[in-house]
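Raw contents of data_0.tsv, TSV, C-alpha atoms and all ligand atoms:
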```tsv
chain	number	residue	atom	x	y	z
A	14	MET	CA	-6.07	-3.40	-17.31
A	15	PHE	CA	-4.69	-0.44	-15.37
A	16	ASN	CA	-2.72	-1.46	-12.26
A	17	LEU	CA	-1.23	0.97	-9.81
A	18	ILE	CA	0.71	0.85	-6.58
A	19	LEU	CA	0.05	3.45	-3.91
A	20	PHE	CA	3.32	3.58	-2.05
A	21	GLY	CA	4.57	5.30	1.08
A	22	PRO	CA	5.48	4.88	4.74
A	23	PRO	CA	2.93	3.92	7.41
A	24	GLY	CA	0.53	6.82	7.94
A	25	SER	CA	1.30	8.49	4.60
A	26	GLY	CA	-2.36	8.31	3.53
A	27	LYS	CA	-2.41	5.15	1.41
A	28	GLY	CA	-5.62	3.79	2.96
A	29	THR	CA	-7.27	7.22	2.94
A	30	GLN	CA	-6.45	8.00	-0.71
A	31	SER	CA	-7.17	4.45	-1.92
A	32	GLU	CA	-10.84	4.80	-0.92
A	33	LYS	CA	-11.18	7.89	-3.12
A	34	LEU	CA	-9.14	6.53	-6.03
A	35	ILE	CA	-11.09	3.27	-6.36
A	36	ALA	CA	-14.34	5.26	-6.38
A	37	ARG	CA	-13.09	7.49	-9.22
A	38	TYR	CA	-11.29	4.91	-11.36
A	39	GLY	CA	-13.29	1.71	-10.72
A	40	LEU	CA	-10.24	-0.29	-9.67
A	41	LYS	CA	-10.28	-3.26	-7.29
A	42	HIS	CA	-8.65	-2.25	-4.00
A	43	LEU	CA	-6.18	-4.78	-2.59
A	44	SER	CA	-4.79	-3.73	0.80
A	45	THR	CA	-2.61	-6.37	2.43
A	46	GLY	CA	-3.05	-4.59	5.79
A	47	ASP	CA	-6.86	-4.88	5.51
A	48	LEU	CA	-6.65	-8.50	4.34
A	49	LEU	CA	-4.37	-9.40	7.27
A	50	ARG	CA	-6.54	-7.56	9.82
A	51	SER	CA	-9.58	-9.44	8.52
A	52	GLU	CA	-7.74	-12.77	9.03
A	53	ILE	CA	-6.92	-11.69	12.60
A	54	ALA	CA	-10.52	-10.62	13.33
A	55	ARG	CA	-11.82	-13.98	12.05
A	56	GLU	CA	-9.17	-15.82	14.10
A	57	THR	CA	-8.10	-17.95	11.12
A	58	PRO	CA	-4.85	-19.97	11.40
A	59	LEU	CA	-3.16	-17.33	9.20
A	60	GLY	CA	-4.50	-14.53	11.43
A	61	LEU	CA	-3.26	-16.25	14.58
A	62	ALA	CA	0.16	-16.74	12.97
A	63	VAL	CA	0.64	-13.04	12.10
A	64	LYS	CA	-1.14	-11.34	15.03
A	65	ASN	CA	1.91	-10.84	17.27
A	66	LEU	CA	4.22	-9.80	14.42
A	67	MET	CA	1.81	-7.07	13.36
A	68	ALA	CA	1.26	-5.91	16.94
A	69	ARG	CA	5.03	-5.37	17.20
A	70	GLY	CA	5.09	-3.40	13.93
A	71	GLU	CA	7.10	-6.04	12.04
A	72	LEU	CA	6.45	-7.20	8.50
A	73	VAL	CA	4.62	-10.46	7.88
A	74	PRO	CA	6.68	-13.10	5.92
A	75	ASP	CA	6.74	-12.59	2.14
A	76	GLU	CA	5.29	-16.06	1.29
A	77	ILE	CA	2.13	-15.29	3.29
A	78	VAL	CA	1.37	-11.94	1.67
A	79	ILE	CA	2.29	-13.09	-1.83
A	80	GLU	CA	-0.09	-16.07	-1.55
A	81	MET	CA	-2.82	-13.77	-0.18
A	82	ILE	CA	-2.45	-11.38	-3.13
A	83	ASN	CA	-2.36	-14.26	-5.61
A	84	SER	CA	-5.72	-15.61	-4.38
A	85	ALA	CA	-7.26	-12.13	-4.14
A	86	MET	CA	-6.37	-11.53	-7.81
A	87	ASP	CA	-7.71	-14.95	-8.83
A	88	ASN	CA	-10.96	-14.16	-6.99
A	89	ASN	CA	-11.41	-11.02	-9.11
A	90	PRO	CA	-10.95	-12.22	-12.69
A	91	ARG	CA	-13.12	-9.45	-14.17
A	92	ALA	CA	-11.39	-6.48	-12.46
A	93	ASN	CA	-10.54	-3.51	-14.75
A	94	GLY	CA	-7.34	-3.16	-12.80
A	95	PHE	CA	-5.97	-3.31	-9.27
A	96	LEU	CA	-4.91	-0.67	-6.79
A	97	PHE	CA	-2.24	-2.24	-4.57
A	98	ASP	CA	-2.14	-0.53	-1.17
A	99	GLY	CA	0.60	-1.49	1.29
A	100	PHE	CA	1.94	-4.09	-1.14
A	101	PRO	CA	4.66	-4.75	-2.27
A	102	ARG	CA	6.65	-3.96	0.90
A	103	THR	CA	9.90	-5.80	0.03
A	104	THR	CA	11.88	-6.31	-3.17
A	105	ALA	CA	10.93	-10.03	-3.09
A	106	GLN	CA	7.24	-9.06	-3.00
A	107	ALA	CA	7.76	-6.63	-5.90
A	108	GLU	CA	9.44	-9.30	-8.01
A	109	ALA	CA	6.65	-11.79	-7.19
A	110	LEU	CA	4.01	-9.22	-8.13
A	111	ASP	CA	5.70	-8.45	-11.47
A	112	LYS	CA	5.69	-12.18	-12.22
A	113	LEU	CA	2.02	-12.65	-11.26
A	114	LEU	CA	1.00	-9.72	-13.45
A	115	SER	CA	3.05	-10.87	-16.42
A	116	GLN	CA	1.38	-14.30	-16.19
A	117	LYS	CA	-1.90	-12.40	-16.63
A	118	ASP	CA	-0.36	-10.47	-19.53
A	119	THR	CA	-0.42	-7.15	-17.72
A	120	GLU	CA	1.92	-4.98	-15.60
A	121	ILE	CA	2.17	-2.09	-13.14
A	122	ALA	CA	1.36	1.15	-14.99
A	123	ILE	CA	2.47	3.58	-12.29
A	124	VAL	CA	3.76	3.76	-8.71
A	125	LEU	CA	2.50	6.81	-6.83
A	126	ALA	CA	4.82	7.44	-3.88
A	127	LEU	CA	3.52	9.64	-1.06
A	128	GLN	CA	6.20	11.73	0.68
A	129	VAL	CA	5.50	12.75	4.29
A	130	SER	CA	7.91	13.88	7.03
A	131	GLU	CA	8.58	11.49	9.89
A	132	ASN	CA	7.12	13.79	12.58
A	133	GLU	CA	3.89	14.15	10.65
A	134	LEU	CA	3.66	10.34	10.21
A	135	VAL	CA	4.10	9.71	13.95
A	136	ASN	CA	1.54	12.40	14.84
A	137	ARG	CA	-1.06	11.05	12.40
A	138	LEU	CA	-0.73	7.47	13.62
A	139	LEU	CA	-0.81	8.42	17.32
A	140	LYS	CA	-3.92	10.45	16.59
A	141	ARG	CA	-5.59	7.51	14.82
A	142	GLY	CA	-4.57	5.33	17.79
A	143	GLN	CA	-6.70	7.49	20.10
A	144	THR	CA	-9.90	6.63	18.24
A	145	SER	CA	-9.30	3.27	16.54
A	146	ASP	CA	-8.73	-0.19	17.99
A	147	ARG	CA	-5.57	-0.69	15.90
A	148	ILE	CA	-3.06	-2.01	18.39
A	149	ASP	CA	-0.09	-0.99	16.19
A	150	ASP	CA	-1.14	2.69	16.43
A	151	GLN	CA	-1.26	2.82	20.23
A	152	LYS	CA	2.40	3.31	21.18
A	153	GLU	CA	5.07	5.56	19.75
A	154	ASP	CA	7.65	2.73	20.07
A	155	THR	CA	5.58	0.47	17.79
A	156	ILE	CA	5.05	3.28	15.28
A	157	ARG	CA	8.83	3.94	15.22
A	158	ALA	CA	9.42	0.18	14.72
A	159	ARG	CA	7.11	0.26	11.67
A	160	LEU	CA	9.01	3.23	10.27
A	161	THR	CA	12.33	1.43	10.81
A	162	GLU	CA	10.96	-1.62	8.92
A	163	TYR	CA	9.87	0.74	6.15
A	164	TYR	CA	13.31	2.37	5.73
A	165	LYS	CA	15.12	-0.98	6.06
A	166	LYS	CA	12.98	-3.16	3.79
A	167	THR	CA	10.30	-1.20	1.96
A	168	ALA	CA	12.03	1.94	0.63
A	169	ALA	CA	13.91	-0.36	-1.82
A	170	VAL	CA	10.61	-1.14	-3.58
A	171	ALA	CA	10.57	2.40	-5.00
A	172	GLU	CA	14.11	1.87	-6.33
A	173	HIS	CA	12.96	-1.37	-7.99
A	174	TYR	CA	10.21	0.45	-9.93
A	175	ALA	CA	12.36	3.55	-10.55
A	176	LYS	CA	14.56	1.32	-12.74
A	177	PHE	CA	11.55	0.98	-15.06
A	178	ASP	CA	10.74	4.69	-14.80
A	179	LYS	CA	7.38	4.03	-13.15
A	180	VAL	CA	7.63	6.11	-9.96
A	181	LYS	CA	5.98	9.51	-9.41
A	182	ASN	CA	6.70	11.22	-6.09
A	183	ILE	CA	3.78	13.15	-4.63
A	184	LYS	CA	3.88	15.44	-1.59
A	185	GLY	CA	1.54	13.72	0.88
A	186	GLU	CA	1.07	16.73	3.18
A	187	GLY	CA	-1.81	19.17	2.77
A	188	THR	CA	-5.54	18.48	2.69
A	189	ILE	CA	-6.82	15.06	1.65
A	190	ASP	CA	-8.53	16.62	-1.40
A	191	GLU	CA	-5.38	18.48	-2.51
A	192	ILE	CA	-3.39	15.25	-2.41
A	193	PHE	CA	-6.17	13.35	-4.18
A	194	ASP	CA	-6.11	15.94	-7.02
A	195	LYS	CA	-2.35	15.50	-7.46
A	196	LEU	CA	-2.65	11.71	-7.53
A	197	SER	CA	-5.54	11.87	-10.01
A	198	ASP	CA	-3.55	14.21	-12.30
A	199	GLU	CA	-0.75	11.66	-12.54
A	200	ILE	CA	-3.18	8.80	-13.28
A	201	ASP	CA	-5.01	10.86	-15.92
A	202	LYS	CA	-1.73	11.74	-17.63
A	203	LYS	CA	-0.69	8.09	-17.66
A	204	GLN	CA	-4.07	6.88	-18.95
A	205	ASN	CA	-4.06	9.49	-21.73
A	206	VAL	CA	-0.61	8.39	-22.84
A	207	LYS	CA	-1.86	4.77	-22.94
A	208	GLN	CA	-4.84	5.73	-25.12
A	209	ASP	CA	-2.76	7.81	-27.60
B	1	LIG	P1	-1.12	-1.13	6.63
B	1	LIG	O1	-2.51	-1.55	6.87
B	1	LIG	O2	-0.65	-1.08	5.22
B	1	LIG	O3	-1.10	0.24	7.36
B	1	LIG	P2	-0.25	1.55	7.44
B	1	LIG	O4	0.93	1.51	6.53
B	1	LIG	O5	-0.04	1.76	8.89
B	1	LIG	O6	-1.27	2.68	7.08
B	1	LIG	P3	-1.71	3.62	5.89
B	1	LIG	O7	-0.53	4.28	5.25
B	1	LIG	O8	-2.66	2.93	4.98
B	1	LIG	O9	-2.54	4.62	6.78
B	1	LIG	P4	-3.20	5.96	6.26
B	1	LIG	O10	-2.04	6.72	5.77
B	1	LIG	O11	-4.34	5.80	5.40
B	1	LIG	O12	-0.07	-2.07	7.42
B	1	LIG	C1	-0.21	-2.47	8.77
B	1	LIG	C2	0.72	-3.66	9.10
B	1	LIG	O13	0.32	-4.82	8.32
B	1	LIG	C3	2.20	-3.52	8.78
B	1	LIG	O14	2.91	-2.84	9.81
B	1	LIG	C4	2.63	-5.00	8.65
B	1	LIG	O15	2.82	-5.62	9.91
B	1	LIG	C5	1.45	-5.66	7.97
B	1	LIG	N1	1.55	-5.70	6.49
B	1	LIG	C6	0.68	-5.09	5.62
B	1	LIG	N2	1.04	-5.31	4.34
B	1	LIG	C7	2.18	-6.09	4.40
B	1	LIG	C8	3.04	-6.61	3.40
B	1	LIG	N3	2.82	-6.40	2.09
B	1	LIG	N4	4.13	-7.34	3.80
B	1	LIG	C9	4.37	-7.57	5.10
B	1	LIG	N5	3.59	-7.08	6.11
B	1	LIG	C10	2.50	-6.34	5.77
B	1	LIG	O16	-3.76	6.64	7.53
B	1	LIG	C11	-2.99	7.15	8.60
B	1	LIG	C12	-3.73	8.25	9.35
B	1	LIG	O17	-3.44	9.50	8.74
B	1	LIG	C13	-5.26	8.15	9.32
B	1	LIG	O18	-5.75	8.42	10.60
B	1	LIG	C14	-5.70	9.22	8.34
B	1	LIG	O19	-6.96	9.76	8.66
B	1	LIG	C15	-4.62	10.25	8.48
B	1	LIG	N6	-4.40	11.03	7.26
B	1	LIG	C16	-4.38	10.56	6.00
B	1	LIG	N7	-4.15	11.56	5.12
B	1	LIG	C17	-3.98	12.71	5.87
B	1	LIG	C18	-3.70	14.08	5.54
B	1	LIG	N8	-3.54	14.50	4.29
B	1	LIG	N9	-3.58	14.97	6.56
B	1	LIG	C19	-3.75	14.56	7.85
B	1	LIG	N10	-4.03	13.27	8.22
B	1	LIG	C20	-4.14	12.36	7.23
```
Encoded form using structure tokens:
Amino acid sequence: MFNLILFGPPGSGKGTQSEKLIARYGLKHLSTGDLLRSEIARETPLGLAVKNLMARGELVPDEIVIEMINSAMDNNPRANGFLFDGFPRTTAQAEALDKLLSQKDTEIAIVLALQVSENELVNRLLKRGQTSDRIDDQKEDTIRARLTEYYKKTAAVAEHYAKFDKVKNIKGEGTIDEIFDKLSDEIDKKQNVKQD
């Protein structure tokens, strides 16, 4: 199995690049943001419980997302590997993920961390807010709240994986294809090392 985490602040291009990466590498895409939005759209009890938190740009409690990821992995027993997008977002989530993977006798191969300046992030998300129905992209205050959550709780996830020498920083500004090429280079290098 080849498991990777696509990491970065809100608006850094995780969703955008994940689409391309799963097509090239045949991985199963697990985006906690997409899973949560689907719960909200279907008005499930879980969706109703997290709707207001997400609209304010706050993180959903760890237990909820960890359980969601656990069942998503169990529902895909034949996956060649997983691309985790938007997860883990706290150190507790990272530790839970490491444990889940080790129970399946596998691990995270690489963490690709997209680096984008704060102004660019805010501009991208406001722009998406003009054309999408995502409520958390509509107001600059909510976007800033998401960035504050990221710096307060999520940035530490990169430090967690840096301890195991798994993090590669990638400049996330430029064209989508340029960034995709840089991400693919890092994956190819890692996969070649594994095969040697
Ligand atoms: P997510 O769905 O993960 O969304 P995101 O971080 O806002 O977006 P992403 O980073 O994927 O967006 P992308 O760059 O692709 O999370 C939403 C919310 O869900 C969180 O705030 C939280 O409440 C909750 N949540 C999710 N996971 C959780 C977890 N594990 N724990 C707790 N809570 C959780 O796209 C941004 C825009 O940029 C797009 O319009 C795109 O077209 C554009 N773009 C991309 N690349 C570009 C480029 N190179 N140049 C110009 N524009 C670009």
Residue nearest Leu34 of chain A among A:Gln143, A:Gln106, A:Ser197, A:Ser115 (counting only C-alpha atoms):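 Using only C-alpha atoms, Leu34 of chain A sits closest to A:Ser197.
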Gap from atom CA of Ala158 of chain A to atom O6 of ligand LIG 1 (chain B) - Å, one decimal: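 So the answer is 13.4 Å.
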With only C-alpha atoms as the counted atoms, please give the residues lying no more than 10 Å from segment 175-192 of chain A, apart from itself and same-chain residues fewer than 6 positions off, as a PyMOL selection string. chain A and resi 17-18+20-21+24-27+29-30+33+121-130+133-134+169+198-200
Between A:Tyr38, A:Tyr164, A:Phe15, A:Phe193, which one has atoms that come closest to ligand LIG 1 (chain B), using all atoms listed in the file?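 The answer is A:Phe193, which sits nearest to ligand LIG 1 (chain B).
Shell of Met67 of chain A at 10 Å, with all atoms listed in the file counted and residues fewer than 6 places along the chain excluded, is Gly46, Leu49, Arg50, Ile53, Gly60, Val73, Ile148, Asp149, Thr155 and Arg159 of chain A.
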Here is a test: counting all atoms listed in the file, which residue of A:Leu196, A:Ala168, A:Leu113, A:Leu48 is nearest to Met81 of chain A?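 Closest to Met81 of chain A, using all atoms listed in the file: A:Leu48.
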Set the distance at 7 Å and use only C-alpha atoms: which residues neighbour Val170 of chain A once local chain neighbours fewer than 6 positions away are removed? I'd like the list as a list in words. Arg102, Thr103, Thr104 and Ala107 of chain A
Axis-aligned box over every listed atom of ligand LIG 1 (chain B), padded by 8 Å per side: centre and edges in Å to one decimal, as AutoDock Vina command-line options?
```
--center_x -1.3 --center_y 3.7 --center_z 6.3 --size_x 27.3 --size_y 38.5 --size_z 24.5
```
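Of the listed residues (A:Gly94, A:Pro58, A:Gly142, A:Pro23), A:Pro23 comes nearest to ligand LIG 1 (chain B); the distances count only C-alpha atoms and all ligand atoms.
Minimum distance to ligand LIG 1 (chain B) across A:Lys203, A:Lys41, A:Arg69, A:Lys165 (counting only C-alpha atoms and all ligand atoms) occurs at A:Arg69.
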